[in-house]
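Student: Have a peek at model_29.cif (mmCIF, C-alpha atoms).
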data_structure
loop_
_atom_site.label_atom_id
_atom_site.label_comp_id
_atom_site.auth_asym_id
_atom_site.auth_seq_id
_atom_site.Cartn_x
_atom_site.Cartn_y
_atom_site.Cartn_z
CA MET A 1 -95.24 6.77 96.05
CA GLY A 2 -95.53 4.44 93.09
CA ASP A 3 -93.84 6.81 90.66
CA PRO A 4 -90.20 7.61 91.50
CA GLU A 5 -89.86 10.20 88.71
CA ARG A 6 -92.74 12.23 90.13
CA VAL A 7 -91.40 11.87 93.67
CA ALA A 8 -88.00 13.16 92.47
CA GLU A 9 -89.71 16.14 90.80
CA ALA A 10 -91.69 16.89 93.96
CA CYS A 11 -88.48 16.72 95.99
CA ALA A 12 -86.84 19.29 93.71
CA ARG A 13 -89.78 21.67 94.25
CA LEU A 14 -89.76 20.94 97.99
CA ARG A 15 -86.02 21.70 98.15
CA GLU A 16 -86.68 25.18 96.66
CA VAL A 17 -89.32 25.91 99.31
CA ILE A 18 -87.07 24.62 102.11
CA GLU A 19 -84.16 26.80 100.98
CA LYS A 20 -86.38 29.84 100.58
CA HIS A 21 -88.02 29.50 104.02
CA ALA A 22 -85.29 27.67 105.99
CA LEU A 23 -87.39 24.68 107.09
CA PRO A 24 -85.18 22.05 108.77
CA GLN A 25 -88.07 19.60 109.25
CA GLY A 26 -88.81 19.80 105.55
CA ARG A 27 -85.15 19.13 104.77
CA ALA A 28 -85.33 15.78 106.59
CA ALA A 29 -88.44 14.75 104.66
CA GLU A 30 -86.95 15.90 101.36
CA LEU A 31 -83.90 13.70 102.02
CA TRP A 32 -85.82 10.53 102.75
CA PHE A 33 -88.25 10.98 99.87
CA ARG A 34 -85.40 11.82 97.48
CA GLY A 35 -83.61 8.73 98.76
CA TRP A 36 -86.68 6.61 98.08
CA ALA A 37 -86.80 7.97 94.51
CA GLU A 38 -83.04 7.42 93.97
CA ALA A 39 -83.36 3.82 95.17
CA HIS A 40 -86.21 3.13 92.75
CA LEU A 41 -84.50 4.93 89.89
CA GLY A 42 -81.55 2.56 89.97
CA ASP A 43 -79.16 3.69 92.73
CA PRO A 44 -80.35 1.92 95.87
CA ARG A 45 -77.10 2.49 97.82
CA ALA A 46 -77.23 6.26 97.30
CA GLY A 47 -80.94 6.16 98.07
CA HIS A 48 -80.29 4.31 101.31
CA ARG A 49 -77.70 6.89 102.39
CA LEU A 50 -80.15 9.75 101.75
CA ILE A 51 -82.98 7.99 103.59
CA ARG A 52 -80.77 7.35 106.62
CA GLU A 53 -79.49 10.94 106.53
CA GLY A 54 -83.07 12.21 106.53
CA TYR A 55 -84.03 9.84 109.36
CA ASP A 56 -81.01 10.87 111.45
CA GLN A 57 -81.74 14.55 110.83
CA ALA A 58 -85.39 14.08 111.87
CA THR A 59 -84.30 12.23 115.01
CA ARG A 60 -81.91 15.06 115.96
CA LEU A 61 -84.80 17.50 115.55
CA GLY A 62 -86.93 15.37 117.91
CA ILE A 63 -89.27 14.17 115.16
CA ARG A 64 -90.39 10.65 116.08
CA GLY A 65 -93.44 10.26 113.85
CA TRP A 66 -93.03 8.22 110.67
CA GLY A 67 -89.86 6.58 112.02
CA SER A 68 -90.89 3.04 111.16
CA GLU A 69 -92.00 4.12 107.68
CA ILE A 70 -88.72 5.93 106.99
CA LEU A 71 -86.71 2.94 108.21
CA GLY A 72 -88.95 0.77 106.02
CA TYR A 73 -87.89 2.88 103.01
CA ALA A 74 -84.27 2.30 104.05
CA ALA A 75 -84.85 -1.46 104.27
CA GLU A 76 -86.56 -1.41 100.88
CA ALA A 77 -83.55 0.38 99.36
CA LEU A 78 -81.31 -2.40 100.67
CA VAL A 79 -83.71 -4.99 99.23
CA LEU A 80 -83.34 -3.26 95.86
CA ALA A 81 -79.55 -3.46 96.35
CA GLU A 82 -80.02 -7.18 97.12
CA ASP A 83 -78.18 -6.75 100.42
CA TRP A 84 -80.45 -9.14 102.27
CA THR A 85 -78.56 -9.23 105.57
CA ALA A 86 -78.41 -5.45 105.89
CA ALA A 87 -82.04 -5.20 104.75
CA ARG A 88 -83.11 -7.60 107.49
CA ARG A 89 -81.20 -5.54 110.10
CA GLU A 90 -82.82 -2.34 108.85
CA LEU A 91 -86.23 -4.00 108.87
CA ASP A 92 -85.70 -5.22 112.44
CA GLU A 93 -84.92 -1.63 113.45
CA ALA A 94 -88.08 -0.43 111.70
CA MET A 95 -90.20 -3.04 113.51
CA GLN A 96 -88.62 -2.12 116.86
CA CYS A 97 -89.33 1.55 116.14
CA ALA A 98 -92.97 0.74 115.37
CA GLU A 99 -93.29 -1.22 118.62
CA ALA A 100 -91.59 1.49 120.72
CA THR A 101 -93.73 4.32 119.36
CA GLY A 102 -96.97 2.39 118.87
CA GLU A 103 -96.81 3.41 115.22
CA GLY A 104 -98.65 0.78 113.24
CA LYS A 105 -99.75 2.52 110.06
CA TYR A 106 -96.80 1.17 108.04
CA ARG A 107 -96.77 -2.32 109.59
CA THR A 108 -98.44 -3.97 106.56
CA GLN A 109 -95.66 -2.77 104.26
CA LEU A 110 -92.99 -3.83 106.77
CA LEU A 111 -94.45 -7.34 106.89
CA LEU A 112 -94.44 -7.49 103.08
CA LEU A 113 -90.77 -6.48 103.08
CA LYS A 114 -90.10 -9.18 105.64
CA GLY A 115 -91.67 -11.66 103.22
CA ARG A 116 -89.56 -10.44 100.29
CA ILE A 117 -86.40 -10.81 102.35
CA ALA A 118 -87.39 -14.29 103.52
CA ASP A 119 -88.05 -15.33 99.90
CA ALA A 120 -84.65 -14.03 98.84
CA LEU A 121 -83.01 -15.98 101.66
CA GLY A 122 -84.71 -19.20 100.53
CA GLN A 123 -87.35 -19.30 103.28
CA PRO A 124 -90.63 -19.60 101.31
CA GLN A 125 -92.78 -20.73 104.25
CA ARG A 126 -91.58 -17.82 106.36
CA ALA A 127 -92.24 -15.48 103.45
CA ARG A 128 -95.81 -16.76 103.06
CA GLU A 129 -96.44 -16.37 106.80
CA SER A 130 -95.21 -12.77 106.70
CA MET A 131 -97.48 -12.00 103.76
CA GLN A 132 -100.45 -13.59 105.52
CA GLN A 133 -99.66 -11.43 108.55
CA ALA A 134 -99.60 -8.40 106.24
CA VAL A 135 -103.08 -9.28 104.94
CA ALA A 136 -104.36 -9.72 108.52
CA GLU A 137 -102.80 -6.39 109.55
CA ALA A 138 -104.43 -4.56 106.64
CA ARG A 139 -107.80 -6.09 107.51
CA ALA A 140 -107.42 -5.18 111.18
CA ARG A 141 -106.78 -1.58 110.12
CA GLU A 142 -109.74 -1.72 107.72
CA ALA A 143 -107.41 -0.59 104.94
CA PRO A 144 -108.65 -2.12 101.66
CA TRP A 145 -105.87 -0.53 99.62
CA LEU A 146 -103.19 -2.15 101.77
CA GLU A 147 -105.16 -5.40 101.75
CA LEU A 148 -105.16 -5.29 97.94
CA ILE A 149 -101.38 -4.85 97.88
CA ALA A 150 -100.79 -7.60 100.45
CA LEU A 151 -103.15 -10.06 98.75
CA SER A 152 -101.54 -9.34 95.38
CA ALA A 153 -98.13 -10.17 96.85
CA LEU A 154 -99.56 -13.37 98.30
CA CYS A 155 -101.28 -14.36 95.05
CA GLU A 156 -98.14 -13.77 92.97
CA ARG A 157 -96.43 -16.55 94.88
CA GLU A 158 -96.28 -20.10 93.71
CA GLY A 159 -98.90 -22.05 95.63
CA ALA A 160 -101.45 -19.25 95.96
CA THR A 161 -104.67 -20.85 97.15
CA THR A 162 -108.18 -20.47 95.75
CA HIS A 163 -109.00 -18.78 99.08
CA ASP A 164 -106.22 -16.19 98.47
CA LEU A 165 -107.51 -15.51 94.96
CA ALA A 166 -111.13 -15.26 96.12
CA ALA A 167 -110.10 -12.75 98.78
CA LEU A 168 -108.23 -10.69 96.18
CA ARG A 169 -111.22 -10.79 93.82
CA HIS A 170 -113.49 -9.61 96.65
CA VAL A 171 -111.23 -6.64 97.48
CA VAL A 172 -110.97 -5.61 93.80
CA GLU A 173 -114.76 -5.76 93.43
CA GLN A 174 -115.24 -3.55 96.49
CA LEU A 175 -112.96 -0.74 95.27
CA THR A 176 -114.68 2.43 94.14
CA GLU A 177 -111.65 4.58 93.35
CA GLY A 178 -108.10 4.20 92.11
CA LEU A 179 -109.32 1.73 89.52
CA ASP A 180 -106.82 2.96 86.92
CA THR A 181 -103.78 2.55 89.17
CA ALA A 182 -100.90 0.09 88.84
CA PRO A 183 -101.83 -1.94 91.98
CA VAL A 184 -105.36 -2.55 90.67
CA ALA A 185 -104.04 -3.46 87.21
CA ARG A 186 -101.60 -5.89 88.86
CA ALA A 187 -104.41 -7.49 90.90
CA ARG A 188 -106.65 -7.83 87.85
CA ALA A 189 -103.82 -9.40 85.84
CA LEU A 190 -103.26 -11.94 88.62
CA LEU A 191 -106.95 -12.81 88.66
CA GLU A 192 -107.08 -13.13 84.87
CA ALA A 193 -104.01 -15.40 84.85
CA ALA A 194 -105.55 -17.57 87.59
CA GLY A 195 -108.78 -17.77 85.60
CA ARG A 196 -106.92 -19.02 82.53
CA ALA A 197 -104.94 -21.61 84.53
#
Would you mind giving the structure from this file in structure tokens?

Tutor:
Amino acid sequence: MGDPERVAEACARLREVIEKHALPQGRAAELWFRGWAEAHLGDPRAGHRLIREGYDQATRLGIRGWGSEILGYAAEALVLAEDWTAARRELDEAMQCAEATGEGKYRTQLLLLKGRIADALGQPQRARESMQQAVAEARAREAPWLELIALSALCEREGATTHDLAALRHVVEQLTEGLDTAPVARARALLEAAGRA
């Protein structure tokens, strides 16, 4: 999910399979993933519409799993469109969905989105608190990859503490795979910049 071009290509292949085998559940997933790709490829409004269409289709089919994640993609599309008020509403719906279903696997990312929205609305302390909650959530889930992403977001902020940077360094040193990925490169660049400062 870090490469919108590849996601768009996968969606095109998925669409062929769906049409060939008439898979309505697959159609919903294809819509929300294609929407995610569209949003990241420069058309966040169109992406948001596709994501919501996929979510609504899944809901009509009785599919409740992944609801908070899908709504998180919709909120992210609105963040990319810089529609902060609508993004906050969408994020609130995603958080309510996670609470209602007990679905917590995407909570770290939702908290990071909450921080991005707070920053955009000129609420830096609220943003930092949301990012700290994201780090705590990732740790509680014992998810080092999510912890890396959350700590990187925290360390990119003005006022990152030596404790934040030490925690990021520790996570990077513990990783045994994915070392050539963009999130690891981002974390290493942050650490290098902090070392030079």

Student: Quick one: distance from CA of Val17 (chain A) to CA of Arg49 (chain A) in Å, one decimal?

Tutor: 22.5 Å

Student: Which residues fall under the PyMOL selection byres ((chain A and resi 101-110) around 8) in this file, as an NGL selection string?

Tutor: :A and (64-66 or 68-69 or 72 or 91 or 94-95 or 97-100 or 111-114 or 133-135 or 137-138 or 146 or 150)

Student: Go ahead and dump the residues you just picked, C-alpha atoms, as a JSON list (two decimals), keeping the file's coordinate frame.

Tutor:
[["chain", "number", "residue", "atom", "x", "y", "z"],
["A", 64, "ARG", "CA", -90.39, 10.65, 116.08],
["A", 65, "GLY", "CA", -93.44, 10.26, 113.85],
["A", 66, "TRP", "CA", -93.03, 8.22, 110.67],
["A", 68, "SER", "CA", -90.89, 3.04, 111.16],
["A", 69, "GLU", "CA", -92.00, 4.12, 107.68],
["A", 72, "GLY", "CA", -88.95, 0.77, 106.02],
["A", 91, "LEU", "CA", -86.23, -4.00, 108.87],
["A", 94, "ALA", "CA", -88.08, -0.43, 111.70],
["A", 95, "MET", "CA", -90.20, -3.04, 113.51],
["A", 97, "CYS", "CA", -89.33, 1.55, 116.14],
["A", 98, "ALA", "CA", -92.97, 0.74, 115.37],
["A", 99, "GLU", "CA", -93.29, -1.22, 118.62],
["A", 100, "ALA", "CA", -91.59, 1.49, 120.72],
["A", 111, "LEU", "CA", -94.45, -7.34, 106.89],
["A", 112, "LEU", "CA", -94.44, -7.49, 103.08],
["A", 113, "LEU", "CA", -90.77, -6.48, 103.08],
["A", 114, "LYS", "CA", -90.10, -9.18, 105.64],
["A", 133, "GLN", "CA", -99.66, -11.43, 108.55],
["A", 134, "ALA", "CA", -99.60, -8.40, 106.24],
["A", 135, "VAL", "CA", -103.08, -9.28, 104.94],
["A", 137, "GLU", "CA", -102.80, -6.39, 109.55],
["A", 138, "ALA", "CA", -104.43, -4.56, 106.64],
["A", 146, "LEU", "CA", -103.19, -2.15, 101.77],
["A", 150, "ALA", "CA", -100.79, -7.60, 100.45]]

Student: Counting only C-alpha atoms, what is within 8 Å of region 19-27 of chain A, bar same-chain residues fewer than 5 positions away, as a list of chain:residue names?

Tutor: A:Leu14, A:Gly54, A:Ala58, A:Leu61

Student: Out of A:Ala28, A:Glu82, A:Leu175, A:Pro44, which residue has the shortest atom-to-atom distance to Asp56 (chain A) when counting only C-alpha atoms?

Tutor: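 Of the candidates, the smallest distance to Asp56 (chain A) is held by A:Ala28.
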
Student: Between CA of Glu76 (chain A) and CA of Ser130 (chain A), measure the distance and give it in Å to one decimal.

Tutor: 15.4 Å

Student: Taking the file as I've supplied it (selection: the PyMOL selection byres ((chain A and resi 157-165) around 10)), which residues are included? Please answer as a ChimeraX atom specification.

Tutor: /A:119,124,127-128,132,135,151-156,166-171,187,190-191,194-195

Student: Using the file's own x, y and z axes, what box holds all listed atoms of region 32-36 of chain A with 6 Å on each side, keeping edges along x, y and z, and what are its centre and edge lengths in Å to one decimal, as JSON?

Tutor:
{"center_x": -85.9, "center_y": 9.2, "center_z": 100.1, "size_x": 16.6, "size_y": 17.2, "size_z": 17.3}

Student: Please compute the CA of Arg141 (chain A)-CA of Thr176 (chain A) distance, one decimal, in Å.

Tutor: 18.3 Å

Student: Which residue gives the smallest distance to Arg52 (chain A) among A:Glu192, A:Glu147, A:Glu5, A:Glu30, with all atoms listed in the file counted?

Tutor: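 Of A:Glu192, A:Glu147, A:Glu5, A:Glu30, the one nearest Arg52 (chain A) is A:Glu30, counting all atoms listed in the file.
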
Student: Env of Tyr73 (chain A): 8 Å cut, atoms = all atoms listed in the file, seq-sep filter 3 positions within chain, self excluded. Answer as a PyMOL selection string.

Tutor: chain A and resi 32+36+48+51+69-70+76-77

Student: Based on the selection just made, write C-alpha atoms of those residues as a PDB file, keeping the file's coordinate frame.

Tutor:
ATOM      1  CA  TRP A  32     -85.820  10.530 102.750  1.00  0.00           C
ATOM      2  CA  TRP A  36     -86.680   6.610  98.080  1.00  0.00           C
ATOM      3  CA  HIS A  48     -80.290   4.310 101.310  1.00  0.00           C
ATOM      4  CA  ILE A  51     -82.980   7.990 103.590  1.00  0.00           C
ATOM      5  CA  GLU A  69     -92.000   4.120 107.680  1.00  0.00           C
ATOM      6  CA  ILE A  70     -88.720   5.930 106.990  1.00  0.00           C
ATOM      7  CA  GLU A  76     -86.560  -1.410 100.880  1.00  0.00           C
ATOM      8  CA  ALA A  77     -83.550   0.380  99.360  1.00  0.00           C
TER       9      ALA A  77
END

Student: Near Glu9 (chain A), counting all atoms listed in the file, which residues have an atom at most 12 Å away, once you skip same-chain residues fewer than 4 positions from it, shown as a PyMOL selection string?

Tutor: chain A and resi 3-5+13-16+30+33-34+37-38
